[in-house]
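Here is the file start_3.cif (mmCIF, C-alpha atoms and all ligand atoms).
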data_my_file
#
loop_
_atom_site.label_atom_id
_atom_site.label_comp_id
_atom_site.auth_asym_id
_atom_site.auth_seq_id
_atom_site.Cartn_x
_atom_site.Cartn_y
_atom_site.Cartn_z
CA MET F 7 15.76 19.73 11.61
CA LYS F 8 13.27 16.91 11.72
CA ALA F 9 10.91 15.24 9.27
CA PRO F 10 7.41 16.77 9.65
CA ARG F 11 5.06 15.24 12.21
CA GLY F 12 3.46 12.05 10.94
CA THR F 13 6.08 11.46 8.24
CA PHE F 14 9.18 9.28 8.29
CA ASP F 15 12.29 8.41 6.34
CA ILE F 16 12.84 4.94 4.95
CA LEU F 17 16.51 4.27 5.66
CA PRO F 18 18.64 1.70 3.81
CA ASP F 19 18.29 -0.88 6.60
CA ARG F 20 14.51 -1.10 5.96
CA ILE F 21 14.47 -0.72 2.22
CA GLY F 22 14.76 -4.48 1.65
CA ARG F 23 11.36 -5.04 3.25
CA TRP F 24 9.72 -2.28 1.18
CA ARG F 25 11.18 -3.69 -2.00
CA ARG F 26 10.11 -7.22 -1.16
CA LEU F 27 6.57 -6.01 -0.58
CA GLU F 28 6.52 -4.09 -3.84
CA THR F 29 7.89 -7.09 -5.73
CA VAL F 30 5.20 -9.39 -4.33
CA VAL F 31 2.46 -6.82 -5.09
CA ARG F 32 3.65 -6.30 -8.66
CA GLY F 33 4.05 -10.03 -9.26
CA LEU F 34 0.62 -10.99 -7.96
CA CYS F 35 -1.17 -8.05 -9.61
CA ALA F 36 0.35 -9.14 -12.92
CA ARG F 37 -0.70 -12.74 -12.24
CA TYR F 38 -4.30 -11.55 -11.81
CA GLY F 39 -4.18 -9.41 -14.97
CA TYR F 40 -3.77 -5.93 -13.45
CA GLU F 41 -1.87 -3.17 -15.25
CA GLU F 42 -0.07 -0.37 -13.42
CA ILE F 43 -1.25 3.24 -13.37
CA ARG F 44 0.45 6.27 -11.78
CA THR F 45 -1.33 9.56 -11.13
CA PRO F 46 -0.13 12.86 -9.58
CA SER F 47 0.31 13.28 -5.84
CA PHE F 48 -2.22 16.13 -5.82
CA GLU F 49 -5.49 16.84 -7.55
CA GLU F 50 -8.10 19.56 -7.66
CA THR F 51 -9.82 19.64 -4.28
CA SER F 52 -13.26 19.26 -5.83
CA LEU F 53 -12.38 15.73 -7.03
CA PHE F 54 -12.14 14.40 -3.48
CA LYS F 55 -15.11 16.41 -2.25
CA ARG F 56 -17.23 14.88 -4.94
CA ALA F 57 -15.86 11.31 -4.78
CA VAL F 58 -15.07 10.72 -1.12
CA GLY F 59 -17.96 12.89 0.12
CA ASP F 60 -18.35 16.35 1.62
CA THR F 61 -19.42 15.07 5.02
CA THR F 62 -16.73 12.42 5.55
CA ASP F 63 -13.95 12.87 8.11
CA ILE F 64 -11.42 12.66 5.31
CA VAL F 65 -12.87 15.67 3.48
CA GLU F 66 -14.00 17.63 6.53
CA LYS F 67 -10.86 17.27 8.63
CA GLN F 68 -8.02 15.40 7.04
CA MET F 69 -7.12 16.94 3.71
CA PHE F 70 -3.95 18.92 3.07
CA THR F 71 -5.43 21.61 0.86
CA PHE F 72 -3.67 24.66 -0.50
CA PRO F 73 -4.63 27.54 -2.77
CA THR F 74 -2.84 28.16 -6.04
CA GLY F 75 -3.41 31.87 -5.97
CA GLY F 76 -7.10 32.49 -6.48
CA GLU F 77 -10.13 31.78 -4.37
CA THR F 78 -12.45 29.77 -6.61
CA GLU F 79 -12.98 26.05 -6.10
CA GLU F 80 -10.81 25.10 -9.09
CA GLU F 81 -7.93 27.05 -7.63
CA PHE F 82 -7.54 24.78 -4.61
CA LEU F 83 -5.41 21.65 -4.74
CA THR F 84 -5.29 18.74 -2.31
CA LEU F 85 -2.60 16.15 -1.61
CA ARG F 86 -4.39 12.94 -2.46
CA PRO F 87 -5.90 11.34 0.67
CA GLU F 88 -6.67 8.21 -1.39
CA ILE F 89 -6.08 7.00 -4.92
CA THR F 90 -9.40 5.61 -6.21
CA ALA F 91 -10.78 9.02 -7.20
CA PRO F 92 -7.58 10.02 -9.06
CA VAL F 93 -7.56 6.70 -10.96
CA ILE F 94 -11.18 7.13 -12.07
CA ARG F 95 -10.50 10.78 -12.95
CA ALA F 96 -7.60 9.62 -15.15
CA MET F 97 -9.68 6.91 -16.81
CA ILE F 98 -12.37 9.45 -17.69
CA GLU F 99 -9.91 12.12 -18.79
CA HIS F 100 -8.12 9.73 -21.14
CA ASN F 101 -11.27 8.03 -22.41
CA LEU F 102 -9.98 4.60 -21.39
CA LEU F 103 -13.51 3.23 -21.25
CA LYS F 104 -13.96 3.99 -24.94
CA GLN F 105 -11.00 1.74 -25.75
CA ARG F 106 -12.14 -1.20 -23.62
CA GLY F 107 -15.19 -1.80 -21.49
CA PHE F 108 -13.27 -3.47 -18.69
CA TRP F 109 -10.04 -2.46 -16.97
CA LYS F 110 -7.95 -3.88 -14.17
CA LEU F 111 -5.51 -1.29 -12.78
CA PHE F 112 -3.15 -1.27 -9.80
CA TYR F 113 -1.04 1.41 -8.14
CA ILE F 114 1.59 1.86 -5.44
CA GLY F 115 2.31 5.29 -3.99
CA PRO F 116 2.02 7.83 -1.19
CA ALA F 117 -1.24 9.28 0.18
CA PHE F 118 -1.74 12.06 2.70
CA ARG F 119 -4.15 12.60 5.59
CA LYS F 120 -3.93 15.19 8.37
CA GLU F 121 -4.57 12.74 11.20
CA ARG F 122 -3.21 12.54 14.74
CA PRO F 123 -0.17 10.29 14.27
CA GLN F 124 0.08 7.06 16.22
CA LYS F 125 1.26 3.48 15.66
CA GLY F 126 0.24 2.56 12.13
CA ARG F 127 -1.20 6.01 11.41
CA PHE F 128 0.76 8.65 9.55
CA ARG F 129 0.23 11.88 7.64
CA GLN F 130 2.14 10.65 4.65
CA PHE F 131 1.57 6.92 4.26
CA HIS F 132 1.74 4.54 1.33
CA GLN F 133 -0.90 2.48 -0.34
CA PHE F 134 -1.00 -0.20 -2.93
CA GLY F 135 -4.38 -0.79 -4.43
CA ILE F 136 -6.38 -2.09 -7.33
CA GLU F 137 -9.43 -0.88 -9.24
CA ALA F 138 -11.40 -3.23 -11.52
CA VAL F 139 -13.71 -1.08 -13.59
CA GLY F 140 -16.50 -2.18 -15.92
CA SER F 141 -18.16 -5.21 -14.33
CA ALA F 142 -20.85 -5.85 -11.72
CA ASP F 143 -20.05 -9.56 -11.51
CA PRO F 144 -19.89 -10.80 -7.89
CA LEU F 145 -17.14 -13.22 -9.00
CA LEU F 146 -15.00 -10.12 -9.53
CA ASP F 147 -15.63 -9.04 -5.93
CA ALA F 148 -14.43 -12.47 -4.81
CA GLU F 149 -11.37 -12.25 -7.04
CA THR F 150 -10.26 -8.93 -5.48
CA ILE F 151 -10.49 -10.53 -2.04
CA PHE F 152 -8.45 -13.53 -3.21
CA LEU F 153 -5.79 -11.21 -4.62
CA PHE F 154 -5.52 -9.26 -1.36
CA ALA F 155 -5.28 -12.52 0.60
CA ASP F 156 -2.66 -13.94 -1.79
CA ILE F 157 -0.54 -10.81 -1.38
CA LEU F 158 -0.68 -11.08 2.42
CA ARG F 159 0.19 -14.79 2.30
CA GLY F 160 2.95 -14.10 -0.21
CA LEU F 161 4.44 -11.74 2.37
CA GLY F 162 4.29 -14.35 5.12
CA ILE F 163 1.24 -12.86 6.88
CA ALA F 164 -1.01 -15.79 7.77
CA THR F 165 -3.15 -14.32 10.55
CA PHE F 166 -5.70 -11.99 9.08
CA GLU F 167 -9.45 -11.80 8.82
CA VAL F 168 -11.79 -10.32 6.22
CA ARG F 169 -14.74 -8.37 7.60
CA LEU F 170 -17.34 -8.47 4.87
CA GLY F 171 -20.48 -6.40 4.67
CA THR F 172 -22.89 -4.90 2.21
CA ILE F 173 -24.37 -1.42 2.16
CA GLY F 174 -26.92 -1.81 -0.60
CA CYS F 175 -27.41 0.30 -3.70
CA ARG F 176 -28.99 3.64 -4.50
CA GLU F 177 -32.46 2.04 -4.56
CA CYS F 178 -32.48 0.22 -1.24
CA ARG F 179 -30.31 2.73 0.58
CA LYS F 180 -32.98 5.44 0.37
CA PRO F 181 -35.62 3.69 2.53
CA PHE F 182 -32.80 2.54 4.83
CA ARG F 183 -31.54 6.10 5.18
CA ASP F 184 -35.05 7.39 5.93
CA ALA F 185 -35.55 4.73 8.59
CA VAL F 186 -32.19 5.53 10.21
CA ARG F 187 -32.96 9.25 10.17
CA ASP F 188 -36.36 8.74 11.81
CA ALA F 189 -34.86 6.52 14.49
CA ALA F 190 -31.87 8.78 15.11
CA LYS F 191 -34.05 11.88 15.36
CA SER F 192 -35.80 10.39 18.36
CA ASP F 193 -32.40 10.41 20.11
CA GLU F 194 -31.22 13.67 18.60
CA ALA F 195 -30.39 15.39 21.87
CA ARG F 196 -27.86 12.69 22.83
CA LEU F 197 -25.98 12.76 19.52
CA CYS F 198 -22.68 14.60 19.25
CA ALA F 199 -22.76 17.99 17.50
CA ASN F 200 -21.20 16.48 14.39
CA CYS F 201 -23.81 13.76 14.01
CA ARG F 202 -26.66 16.17 14.80
CA ASN F 203 -25.34 18.33 12.05
CA ARG F 204 -25.27 15.35 9.66
CA LEU F 205 -28.80 14.13 10.43
CA ASP F 206 -30.19 15.78 7.34
CA ARG F 207 -27.06 15.89 5.21
CA ASN F 208 -25.68 12.37 5.54
CA VAL F 209 -27.26 10.48 8.39
CA LEU F 210 -25.47 7.18 7.64
CA ARG F 211 -22.21 8.70 8.87
CA ILE F 212 -23.53 8.10 12.40
CA PHE F 213 -22.32 4.53 11.90
CA ASP F 214 -18.79 5.87 11.45
CA CYS F 215 -18.79 8.17 14.51
CA LYS F 216 -16.21 7.31 17.18
CA GLU F 217 -18.07 9.04 20.08
CA GLU F 218 -19.17 6.50 22.69
CA ARG F 219 -22.74 7.83 22.94
CA CYS F 220 -23.23 7.89 19.17
CA ARG F 221 -21.94 4.34 18.91
CA GLU F 222 -24.45 3.26 21.49
CA ILE F 223 -27.26 4.93 19.58
CA ALA F 224 -25.97 3.55 16.28
CA SER F 225 -26.06 -0.01 17.61
CA GLY F 226 -29.83 0.32 18.12
CA LEU F 227 -30.58 1.80 14.67
CA PRO F 228 -32.14 -0.20 11.81
CA LYS F 229 -29.77 -2.53 9.91
CA ILE F 230 -29.20 -2.46 6.16
CA ARG F 231 -29.88 -6.17 5.76
CA GLU F 232 -33.58 -5.58 6.51
CA PHE F 233 -33.72 -3.15 3.57
CA LEU F 234 -31.62 -4.84 0.89
CA CYS F 235 -33.36 -5.11 -2.48
CA ARG F 236 -33.45 -8.44 -4.27
CA PRO F 237 -30.53 -7.80 -6.67
CA CYS F 238 -28.33 -6.59 -3.77
CA ARG F 239 -29.19 -9.67 -1.72
CA ASP F 240 -28.48 -11.96 -4.69
CA HIS F 241 -25.15 -10.22 -5.27
CA ASP F 242 -24.14 -10.70 -1.64
CA GLU F 243 -25.11 -14.38 -1.68
CA ALA F 244 -23.27 -15.04 -4.94
CA LEU F 245 -20.15 -13.38 -3.54
CA LYS F 246 -20.22 -15.47 -0.37
CA ALA F 247 -20.70 -18.66 -2.39
CA ALA F 248 -17.72 -17.74 -4.61
CA LEU F 249 -15.52 -17.02 -1.58
CA GLY F 250 -16.12 -20.47 -0.12
CA ASP F 251 -13.53 -21.12 2.55
CA ARG F 252 -10.49 -19.91 0.60
CA VAL F 253 -10.17 -16.91 2.97
CA PRO F 254 -11.22 -16.40 6.61
CA VAL F 255 -14.36 -14.26 6.29
CA ARG F 256 -16.49 -12.78 9.05
CA THR F 257 -19.78 -11.33 7.90
CA ASP F 258 -20.30 -7.94 9.51
CA ASP F 259 -23.34 -5.91 8.57
CA THR F 260 -22.26 -2.98 10.73
CA LEU F 261 -19.10 -2.44 8.69
CA VAL F 262 -18.93 1.19 7.60
CA ARG F 263 -16.19 2.67 5.51
CA GLY F 264 -14.88 6.20 5.79
CA LEU F 265 -15.67 7.05 2.17
CA ASP F 266 -19.08 7.75 0.63
CA TYR F 267 -18.69 6.17 -2.80
CA TYR F 268 -19.42 2.56 -1.88
CA THR F 269 -22.37 0.46 -3.04
CA ARG F 270 -23.12 -3.17 -2.18
CA THR F 271 -19.95 -5.04 -1.19
CA VAL F 272 -17.61 -3.50 1.41
CA TYR F 273 -14.74 -5.24 3.17
CA GLU F 274 -11.76 -4.73 5.42
CA PHE F 275 -8.74 -6.94 6.05
CA THR F 276 -7.71 -6.80 9.71
CA SER F 277 -4.72 -8.19 11.58
CA PRO F 278 -4.68 -9.22 15.26
CA ASP F 279 -1.04 -8.05 15.43
CA LEU F 280 -1.71 -4.34 14.92
CA GLY F 281 -3.52 -2.93 17.96
CA ALA F 282 -5.92 -0.01 17.53
CA GLN F 283 -5.18 0.65 13.85
CA ASP F 284 -5.86 -2.92 12.80
CA ALA F 285 -7.09 -2.38 9.22
CA LEU F 286 -4.47 -3.66 6.80
CA GLY F 287 -6.66 -2.39 3.99
CA GLY F 288 -10.18 -2.09 2.76
CA GLY F 289 -12.32 -1.66 -0.25
CA GLY F 290 -15.55 -2.39 -1.93
CA ARG F 291 -17.81 -1.80 -4.86
CA TYR F 292 -18.54 1.69 -6.17
CA ASP F 293 -21.06 1.31 -8.97
CA ASN F 294 -22.05 4.99 -9.22
CA LEU F 295 -18.72 6.80 -8.87
CA VAL F 296 -17.60 6.73 -12.50
CA ARG F 297 -20.73 8.54 -13.61
CA GLU F 298 -20.61 10.93 -10.66
CA LEU F 299 -17.13 11.98 -11.75
CA GLY F 300 -18.35 12.87 -15.22
CA TRP F 301 -18.64 9.76 -17.40
CA SER F 302 -21.82 9.59 -19.48
CA GLU F 303 -23.20 6.42 -17.90
CA ASP F 304 -22.90 4.26 -14.81
CA VAL F 305 -19.94 1.88 -14.92
CA PRO F 306 -19.82 -0.67 -12.09
CA ALA F 307 -16.46 -1.07 -10.36
CA ILE F 308 -14.71 -2.49 -7.32
CA GLY F 309 -11.32 -2.08 -5.69
CA PHE F 310 -9.31 -2.00 -2.51
CA ALA F 311 -6.33 -0.17 -1.05
CA ALA F 312 -3.91 -1.45 1.56
CA GLY F 313 -1.73 0.52 3.97
CA ILE F 314 1.86 -0.50 3.28
CA GLU F 315 3.18 0.63 6.70
CA ARG F 316 0.61 -1.55 8.46
CA ILE F 317 1.40 -4.53 6.27
CA LEU F 318 5.08 -4.09 7.12
CA LEU F 319 4.17 -4.07 10.83
CA ALA F 320 2.30 -7.35 10.31
CA MET F 321 5.29 -8.76 8.39
CA ASP F 322 7.58 -7.76 11.26
CA ALA F 323 5.27 -9.54 13.71
CA ALA F 324 5.19 -12.67 11.51
CA ALA F 325 8.96 -12.82 10.90
CA PRO F 326 10.93 -10.36 13.02
CA LYS F 327 14.28 -11.31 11.44
CA GLU F 328 14.92 -10.89 7.74
CA ASP F 329 17.10 -13.58 6.11
CA ALA F 330 20.35 -11.82 5.49
CA ALA F 331 20.69 -12.04 1.72
CA ALA F 332 24.07 -10.92 0.32
CA ARG F 333 23.64 -7.28 -0.57
CA MET F 334 26.53 -7.16 -3.02
CA ASP F 335 28.70 -9.67 -4.81
CA PHE F 336 32.13 -8.42 -3.72
CA TYR F 337 34.15 -5.84 -1.84
CA GLY F 338 37.56 -4.88 -3.22
CA VAL F 339 40.32 -4.80 -0.59
CA ALA F 340 43.82 -3.31 -0.95
CA VAL F 341 46.38 -4.77 1.48
CA LYS F 342 48.48 -1.59 1.17
CA PRO F 343 47.66 1.86 -0.29
CA ASP F 344 49.94 0.95 -3.24
CA GLN F 345 47.41 -1.59 -4.46
CA ARG F 346 44.37 0.75 -4.39
CA GLU F 347 44.67 1.63 -8.04
CA THR F 348 44.82 -2.05 -9.03
CA VAL F 349 41.78 -2.74 -6.87
CA PHE F 350 39.98 0.20 -8.48
CA GLY F 351 40.61 -1.31 -11.95
CA ILE F 352 39.43 -4.78 -10.86
CA VAL F 353 36.27 -3.39 -9.20
CA ASP F 354 35.43 -1.37 -12.30
CA GLY F 355 35.98 -4.43 -14.54
CA LEU F 356 33.76 -6.68 -12.40
CA ARG F 357 30.95 -4.13 -12.44
CA ARG F 358 31.15 -3.90 -16.20
CA GLN F 359 30.58 -7.63 -16.27
CA GLY F 360 27.38 -7.23 -14.28
CA LEU F 361 28.59 -7.88 -10.73
CA SER F 362 27.80 -5.59 -7.83
CA GLY F 363 30.34 -4.32 -5.37
CA THR F 364 32.42 -1.44 -4.08
CA MET F 365 35.76 -0.68 -2.38
CA ASP F 366 37.17 1.56 0.32
CA PHE F 367 37.34 5.28 -0.40
CA GLU F 368 38.47 6.41 3.04
CA GLY F 369 42.06 5.11 2.99
CA ARG F 370 41.36 2.62 5.77
CA SER F 371 43.50 -0.24 7.12
CA LEU F 372 43.22 -3.83 5.85
CA LYS F 373 41.30 -4.83 8.97
CA ALA F 374 38.86 -1.95 8.64
CA GLN F 375 38.29 -2.77 4.95
CA MET F 376 37.41 -6.37 5.88
CA ARG F 377 35.01 -5.04 8.51
CA SER F 378 33.29 -2.90 5.85
CA ALA F 379 33.05 -5.90 3.51
CA ASN F 380 31.16 -7.82 6.18
CA LYS F 381 29.03 -4.89 7.30
CA LEU F 382 27.90 -4.11 3.76
CA GLY F 383 26.88 -7.73 3.25
CA ALA F 384 29.37 -8.59 0.51
CA ARG F 385 29.50 -12.23 -0.53
CA PHE F 386 33.24 -12.18 -1.36
CA ALA F 387 36.24 -10.06 -0.44
CA VAL F 388 38.56 -9.57 -3.43
CA ILE F 389 41.93 -8.96 -1.80
CA VAL F 390 44.99 -7.60 -3.62
CA GLY F 391 48.45 -7.57 -1.99
CA GLU F 392 51.91 -7.08 -3.41
CA ASP F 393 52.42 -10.74 -4.43
CA GLU F 394 48.98 -11.01 -6.02
CA SER F 395 49.51 -7.78 -7.85
CA ARG F 396 52.72 -9.15 -9.36
CA ARG F 397 51.16 -12.48 -10.30
CA GLN F 398 48.02 -10.87 -11.80
CA THR F 399 45.89 -12.68 -9.24
CA VAL F 400 43.70 -11.86 -6.24
CA ARG F 401 42.89 -13.65 -3.02
CA LEU F 402 39.21 -14.43 -3.04
CA LYS F 403 37.65 -14.83 0.38
CA ASP F 404 34.14 -16.28 0.72
CA LEU F 405 32.64 -14.28 3.57
CA ARG F 406 29.76 -16.73 3.97
CA SER F 407 31.73 -19.97 4.12
CA LYS F 408 32.15 -21.55 7.54
CA ASP F 409 34.74 -24.00 6.23
CA ASP F 410 38.21 -22.51 6.62
CA SER F 411 39.88 -24.62 3.90
CA SER F 412 37.51 -23.51 1.13
CA ARG F 413 37.29 -20.02 2.45
CA GLU F 414 40.16 -18.45 0.64
CA GLN F 415 41.74 -19.17 -2.71
CA GLU F 416 44.03 -17.50 -5.20
CA VAL F 417 42.28 -16.69 -8.49
CA LYS F 418 43.58 -15.22 -11.75
CA ILE F 419 42.16 -11.77 -12.41
CA ASP F 420 40.78 -12.78 -15.79
CA GLU F 421 38.95 -15.75 -14.24
CA LEU F 422 37.58 -13.72 -11.37
CA ALA F 423 34.27 -12.62 -12.87
CA GLN F 424 33.39 -16.20 -13.77
CA LYS F 425 34.28 -17.38 -10.26
CA LEU F 426 31.97 -14.70 -8.85
CA GLY F 427 29.13 -15.96 -11.00
CA ALA F 428 28.92 -13.29 -13.71
P1 LIG H 501 -9.24 3.45 3.20
O1 LIG H 501 -9.87 2.40 4.06
O2 LIG H 501 -9.51 4.86 3.52
O3 LIG H 501 -9.67 3.11 1.71
O4 LIG H 501 -7.68 3.22 3.22
C1 LIG H 501 -7.12 1.97 2.90
C2 LIG H 501 -6.02 1.62 3.88
O5 LIG H 501 -5.03 2.64 3.91
C3 LIG H 501 -6.45 1.52 5.34
O6 LIG H 501 -7.07 0.27 5.61
C4 LIG H 501 -5.13 1.64 6.04
O7 LIG H 501 -4.42 0.41 6.02
C5 LIG H 501 -4.39 2.64 5.17
N1 LIG H 501 -4.44 3.98 5.78
C6 LIG H 501 -5.43 4.88 5.71
N2 LIG H 501 -5.11 6.00 6.39
C7 LIG H 501 -3.88 5.81 6.90
C8 LIG H 501 -2.98 6.58 7.70
N3 LIG H 501 -3.28 7.81 8.09
N4 LIG H 501 -1.78 6.03 8.03
C9 LIG H 501 -1.45 4.79 7.62
N5 LIG H 501 -2.24 4.00 6.88
C10 LIG H 501 -3.45 4.51 6.51
C11 LIG H 501 -9.27 3.80 0.60
O8 LIG H 501 -8.33 4.57 0.60
C12 LIG H 501 -10.02 3.45 -0.64
N6 LIG H 501 -9.51 4.26 -1.75
C13 LIG H 501 -9.89 1.97 -0.93
C14 LIG H 501 -10.60 1.57 -2.19
C15 LIG H 501 -10.04 1.34 -3.39
N7 LIG H 501 -11.89 1.38 -2.31
C16 LIG H 501 -12.17 1.05 -3.56
N8 LIG H 501 -11.05 1.04 -4.23
#

Would you give me this structure, written as structure tokens?
Ligand code: HAM
Amino acid sequence: MKAPRGTFDILPDRIGRWRRLETVVRGLCARYGYEEIRTPSFEETSLFKRAVGDTTDIVEKQMFTFPTGGETEEEFLTLRPEITAPVIRAMIEHNLLKQRGFWKLFYIGPAFRKERPQKGRFRQFHQFGIEAVGSADPLLDAETIFLFADILRGLGIATFEVRLGTIGCRECRKPFRDAVRDAAKSDEARLCANCRNRLDRNVLRIFDCKEERCREIASGLPKIREFLCRPCRDHDEALKAALGDRVPVRTDDTLVRGLDYYTRTVYEFTSPDLGAQDALGGGGRYDNLVRELGWSEDVPAIGFAAGIERILLAMDAAAPKEDAAARMDFYGVAVKPDQRETVFGIVDGLRRQGLSGTMDFEGRSLKAQMRSANKLGARFAVIVGEDESRRQTVRLKDLRSKDDSSREQEVKIDELAQKLGA
């Protein structure tokens, strides 16, 4: 049997990289004042329809949706294709905004999209992300971008770029949308069926269409910048001033995101090392979503999510070889089967003093046990033979030392833990 298409197993030889990434994310999120939140892997389907948007590719084509018995809308569940909507749903459900007006939350976990798998694109993938809810300050937009950049740098990824755009607010988007619709209608016959269908429902999705002809038409359509209202323009300028040159930014007013909830700031972090799926992550402001999901008033917010698999690919490109850190403190070795019980006692005692290690459970030869010690990345081999057993000692072999004279020494059992650094 095989793992389902578009999914994968994370085997022990890769787990070190995943853990390192998670440690850096947790550390930097804490440094920036973010608290962790965890939500379920699935939600009511209507949440994503409402938040991400009925006419987006994610909702139209990519959701894993299943009935729970009945046929009504509430009786359908969907594996979360993203985590912003669930986080906002949780904040509303638990009245967090009544406790405090401003929240910084982060998450790490799986998300699911029914896409055609390829390099960097999976059906179950993992995201880490942040949501800062309760402020419209452009300095906050800048701070989220700094945090994303710091995480990448903390992971050794130096070559990335931030594509930064703005898509205006409810006020200025309306005249923009009308202008785009008028212009697109004059080319209606050349649009793909999907875009023709969306002309009246959500014409701005033309900018997200992958069809060559639609992209050509889209490039000639009006641009948002011509329509931005004063407050949106001020916001954009304040953000750019705050960013300074701390991160490599490329302004891109054609940037469209695959989700409908954005207002004003949108951005994507890209890597030149990734090929076609080059977005390490993306995000932006969503000043209307909290209210749309049921809160009594508008609460401005911003966040991003990053694709962990893609960040690992970029880490691999930056540093293909991981430093081999010792994976355990010791490996207990019995010279003869007679000493296995003694070794078992010593191994148990060392663990109880906080050291990590294991021993052979397959009845293997001395040579094979030493091979295992090396393969498992043990720092020391703790070897017990007949003489040592009698003298209440062990031979301690430093598997890292290149110097033969200091490599091996006889150590009393009751001094062993201290020697191993407990
Ligand atoms: P998104 O751009 O849809 O945004 O996804 C964020 C990142 O998730 C992408 O840039 C990519 O790295 C990764 N990703 C998406 N789909 C896949 C896939 N099929 N396989 C592998 N990686 C994938 C969001 O999800 C928004 N919730 C971000 C956000 C948070 N906006 C505001 N707050």

Next item on the list: Return the single residue from F:Arg26, F:Leu372, F:Pro254, F:Ala312 that is closest to F:Ile89, with distances computed using only C-alpha atoms.
Entry: F:Ala312

Note to self: Could you list, as number ranges by chain, all protein and nucleic acid residues with an atom at most 7 Å from ligand LIG 501 (chain H), counting only C-alpha atoms and all ligand atoms?
What the structure shows: F: 88-90, 119, 121, 126-133, 135-137, 263-265, 274, 285-292, 308-316

Next item on the list: Would you list the residues near (29.9, -12.4, -12.1), meaning any protein, DNA or RNA residue with an atom at most 12 Å from that point in file coordinates, counting all atoms listed in the file, as a PyMOL selection string?
Entry: chain F and resi 334-336+353+355-363+385-386+420-428

Next item on the list: Please check which residues have atoms at most 12 Å from (-22.3, 18.6, 9.1) in the file's coordinates, counting all atoms listed in the file, and write them as a count of residues only.
Entry: 23

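Nearest residue to F:Phe14, choosing from F:Gly107, F:Lys55, F:Glu177, F:Pro123 and counting all atoms listed in the file: F:Pro123.
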
Notebook entry, point to check: How far is it from atom CA of F:Asp258 to atom CA of F:Asp214, in Å with one decimal?
Noted result: 14.0 Å

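The spacing separating atom CA of F:Arg32 from atom CA of F:Glu49 amounts to 24.9 Å.
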
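Excluding F:Asn294 itself and any same-chain residue fewer than 5 positions from it, the protein and nucleic acid residues within 7 Å of it, counting only C-alpha atoms, are Asp304, Val305 and Pro306 of chain F.
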
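Reported to one decimal place, the separation of atom CA of F:Phe213 from atom CA of F:Val253 is 26.2 Å.
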
Can you tell me, as JSON, the centre and edge lengths (Å, one decimal) of the axis-aligned box enclosing all of stretch 229-234 of chain F's listed atoms after padding each side by 3 Å?
{"center_x": -31.5, "center_y": -4.3, "center_z": 5.4, "size_x": 10.5, "size_y": 9.7, "size_z": 15.0}

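For the residues F:Val417, F:Asp259, F:Tyr337, F:Gly383, ranking by smallest atom-to-atom distance to F:Thr364 using all atoms listed in the file places F:Tyr337 first.
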
Margin query: Show me, as a ChimeraX atom specification, the residues that have an atom within 10 Å of F:Asp143 when counting all atoms listed in the file, minus same-chain residues fewer than 5 positions from it.
Written below: /F:148,241,244-245,306-308

Residues within 8 Å of F:Cys35, only C-alpha atoms, excluding chain neighbours under 5 positions, as a short mmCIF file (atom, residue, chain, number, x, y, z; two decimals) with C-alpha atoms, in the coordinates of the input:
data_model
loop_
_atom_site.label_atom_id
_atom_site.label_comp_id
_atom_site.auth_asym_id
_atom_site.auth_seq_id
_atom_site.Cartn_x
_atom_site.Cartn_y
_atom_site.Cartn_z
CA TYR F 40 -3.77 -5.93 -13.45
CA GLU F 41 -1.87 -3.17 -15.25
CA PHE F 112 -3.15 -1.27 -9.80
CA LEU F 153 -5.79 -11.21 -4.62
#
